[in-house]
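Containing mmCIF, C-alpha atoms: target-v6.cif.
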```cif
data_work
#
loop_
_atom_site.group_PDB
_atom_site.id
_atom_site.type_symbol
_atom_site.label_atom_id
_atom_site.label_comp_id
_atom_site.auth_asym_id
_atom_site.auth_seq_id
_atom_site.Cartn_x
_atom_site.Cartn_y
_atom_site.Cartn_z
ATOM 1 C CA MET X 24 27.076 5.987 12.781
ATOM 2 C CA LYS X 25 28.090 4.088 15.899
ATOM 3 C CA THR X 26 26.775 1.262 18.072
ATOM 4 C CA GLY X 27 23.676 2.316 20.012
ATOM 5 C CA ASP X 28 22.468 4.905 17.472
ATOM 6 C CA LYS X 29 18.906 4.741 16.149
ATOM 7 C CA ALA X 30 18.915 4.119 12.399
ATOM 8 C CA LYS X 31 16.602 3.202 9.546
ATOM 9 C CA VAL X 32 17.304 0.609 6.878
ATOM 10 C CA ALA X 33 16.069 0.821 3.273
ATOM 11 C CA PRO X 34 13.493 -1.533 1.760
ATOM 12 C CA ALA X 35 16.217 -2.696 -0.668
ATOM 13 C CA ILE X 36 17.783 -4.600 2.263
ATOM 14 C CA THR X 37 14.653 -5.694 4.142
ATOM 15 C CA GLY X 38 12.443 -6.656 1.220
ATOM 16 C CA LEU X 39 9.582 -4.837 2.942
ATOM 17 C CA ASP X 40 7.601 -1.815 1.718
ATOM 18 C CA GLU X 41 8.913 0.771 4.179
ATOM 19 C CA TRP X 42 12.041 1.827 6.018
ATOM 20 C CA ILE X 43 12.546 -0.147 9.261
ATOM 21 C CA GLU X 44 13.892 1.574 12.375
ATOM 22 C CA GLY X 45 16.182 -0.138 14.836
ATOM 23 C CA THR X 46 19.279 0.170 16.991
ATOM 24 C CA VAL X 47 22.747 -0.135 15.497
ATOM 25 C CA ILE X 48 24.394 -3.234 16.960
ATOM 26 C CA GLU X 49 27.537 -3.358 14.817
ATOM 27 C CA VAL X 50 29.564 -1.195 12.437
ATOM 28 C CA LYS X 51 32.427 -2.760 10.478
ATOM 29 C CA LYS X 52 34.813 -1.640 7.770
ATOM 30 C CA ASN X 53 34.807 -4.090 4.876
ATOM 31 C CA PRO X 54 37.691 -3.717 2.399
ATOM 32 C CA PHE X 55 35.440 -4.664 -0.530
ATOM 33 C CA THR X 56 32.103 -2.967 0.184
ATOM 34 C CA GLY X 57 33.052 -0.178 2.603
ATOM 35 C CA THR X 58 31.136 0.303 5.847
ATOM 36 C CA VAL X 59 28.778 -2.524 6.811
ATOM 37 C CA ILE X 60 26.071 -1.759 9.385
ATOM 38 C CA ALA X 61 23.826 -4.130 11.341
ATOM 39 C CA ILE X 62 20.675 -3.054 13.176
ATOM 40 C CA LYS X 63 18.154 -4.879 15.363
ATOM 41 C CA ASP X 64 14.514 -3.753 15.241
ATOM 42 C CA LYS X 65 11.821 -3.931 17.935
ATOM 43 C CA LEU X 66 10.788 -7.407 16.710
ATOM 44 C CA ASN X 67 14.396 -8.595 17.253
ATOM 45 C CA ARG X 68 15.019 -8.958 13.512
ATOM 46 C CA ILE X 69 18.564 -8.173 12.409
ATOM 47 C CA PHE X 70 19.264 -6.442 9.111
ATOM 48 C CA PHE X 71 22.732 -5.708 7.755
ATOM 49 C CA GLY X 72 24.271 -4.325 4.618
ATOM 50 C CA GLU X 73 26.288 -1.549 3.046
ATOM 51 C CA GLY X 74 26.190 1.802 4.803
ATOM 52 C CA LYS X 75 24.513 3.487 1.820
ATOM 53 C CA TYR X 76 21.260 1.682 2.699
ATOM 54 C CA PHE X 77 21.091 3.139 6.230
ATOM 55 C CA LYS X 78 20.285 6.566 7.631
ATOM 56 C CA LEU X 79 20.113 7.967 11.139
ATOM 57 C CA ALA X 80 16.599 8.045 12.566
#
```

Go ahead and render the structure in this file as structure tokens.
Amino acid sequence: MKTGDKAKVAPAITGLDEWIEGTVIEVKKNPFTGTVIAIKDKLNRIFFGEGKYFKLA
């Protein structure tokens, strides 16, 4: 995944009932948790977390 890609984030991160789609705004390598991804959805909410909770849309 890279900046600008469309991605979905799991309910485990959002606390909502369904996967949320947004645009990837940041991808970082964290030495403790691995890849950390941040997305911004159409309501301008930002969600971030470990890469395992994200998938390409």

Residues matched by the PyMOL selection byres ((chain X and resi 43) around 9), written as number ranges by chain: X: 30-34, 37, 39, 41-42, 44-45, 64

Proximity to Leu66 in chain X - best of X:Pro54, X:Thr46, X:Met24, X:Leu79, only C-alpha atoms: X:Thr46

Top pick for closest residue to Ala80 in chain X, considering X:Asp40, X:Arg68, X:Val47, X:Lys52 and counting only C-alpha atoms: X:Val47

Nearby residues (only C-alpha atoms) at most 9 Å from Ala61 in chain X, same-chain spacing under 3 positions excluded, as number ranges by chain: X: 46-51, 69-72

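Counting all atoms listed in the file and comparing X:Gly38, X:Val59, X:Gly27, X:Asn53, the residue that lies closest to Lys75 in chain X is X:Val59.
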
Would you compute, for all listed atoms of range 42-48 of chain X, the axis-aligned bounding box grown by 6 Å on each side, and then report its centre and edge lengths in Å rounded to one decimal, as JSON?
```
{"center_x": 18.2, "center_y": -0.7, "center_z": 11.5, "size_x": 24.4, "size_y": 17.1, "size_z": 23.0}
```

Residue among X:Tyr76, X:Phe55, X:Ile62, X:Asn67 lying closest to Thr26 in chain X, counting only C-alpha atoms: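 Under the stated criterion, the closest residue is X:Ile62.
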
Surrounding residues of Glu73 in chain X excluding itself and chain neighbours under 4 positions, 7 Å, only C-alpha atoms, as a PyMOL selection string: chain X and resi 56-60

Since the input lacks some atoms of range 31-47 of chain X, please model N, CA, C and O atoms and print them as a compact mmCIF listing (two decimals), in the coordinates of the input.
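Okay, selection-v4.txt is ready:
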```txt
# COMPACT_ATOMS: atom_id res chain seq x y z
N LYS X 31 17.61 3.81 10.40
CA LYS X 31 16.60 3.20 9.55
C LYS X 31 17.31 2.50 8.40
O LYS X 31 18.33 2.97 7.92
N VAL X 32 16.74 1.38 7.98
CA VAL X 32 17.30 0.61 6.88
C VAL X 32 16.32 0.62 5.71
O VAL X 32 15.11 0.55 5.90
N ALA X 33 16.86 0.71 4.50
CA ALA X 33 16.07 0.82 3.27
C ALA X 33 15.36 -0.48 2.92
O ALA X 33 15.83 -1.57 3.23
N PRO X 34 14.23 -0.35 2.23
CA PRO X 34 13.49 -1.53 1.76
C PRO X 34 14.33 -2.43 0.84
O PRO X 34 14.05 -3.62 0.72
N ALA X 35 15.35 -1.89 0.20
CA ALA X 35 16.22 -2.70 -0.67
C ALA X 35 16.90 -3.81 0.12
O ALA X 35 17.20 -4.87 -0.43
N ILE X 36 17.14 -3.60 1.40
CA ILE X 36 17.78 -4.60 2.26
C ILE X 36 16.73 -5.51 2.90
O ILE X 36 16.90 -6.72 2.96
N THR X 37 15.64 -4.92 3.38
CA THR X 37 14.65 -5.69 4.14
C THR X 37 13.69 -6.49 3.27
O THR X 37 13.13 -7.48 3.73
N GLY X 38 13.44 -6.02 2.06
CA GLY X 38 12.44 -6.66 1.22
C GLY X 38 11.02 -6.25 1.58
O GLY X 38 10.06 -6.78 1.04
N LEU X 39 10.90 -5.32 2.52
CA LEU X 39 9.58 -4.84 2.94
C LEU X 39 9.24 -3.54 2.20
O LEU X 39 10.05 -3.04 1.42
N ASP X 40 8.06 -3.00 2.45
CA ASP X 40 7.60 -1.82 1.72
C ASP X 40 8.06 -0.49 2.31
O ASP X 40 7.95 0.54 1.65
N GLU X 41 8.54 -0.49 3.54
CA GLU X 41 8.91 0.77 4.18
C GLU X 41 10.25 0.64 4.90
O GLU X 41 10.76 -0.45 5.11
N TRP X 42 10.80 1.80 5.25
CA TRP X 42 12.04 1.83 6.02
C TRP X 42 11.77 1.27 7.42
O TRP X 42 10.74 1.57 8.02
N ILE X 43 12.68 0.46 7.93
CA ILE X 43 12.55 -0.15 9.26
C ILE X 43 13.53 0.53 10.21
O ILE X 43 14.70 0.69 9.88
N GLU X 44 13.04 0.92 11.38
CA GLU X 44 13.89 1.57 12.38
C GLU X 44 14.38 0.56 13.39
O GLU X 44 13.65 -0.34 13.79
N GLY X 45 15.61 0.74 13.82
CA GLY X 45 16.18 -0.14 14.84
C GLY X 45 17.40 0.50 15.47
O GLY X 45 17.72 1.66 15.23
N THR X 46 18.08 -0.28 16.29
CA THR X 46 19.28 0.17 16.99
C THR X 46 20.50 -0.46 16.34
O THR X 46 20.51 -1.66 16.08
N VAL X 47 21.51 0.36 16.10
CA VAL X 47 22.75 -0.14 15.50
C VAL X 47 23.44 -1.05 16.50
O VAL X 47 23.68 -0.66 17.65
```
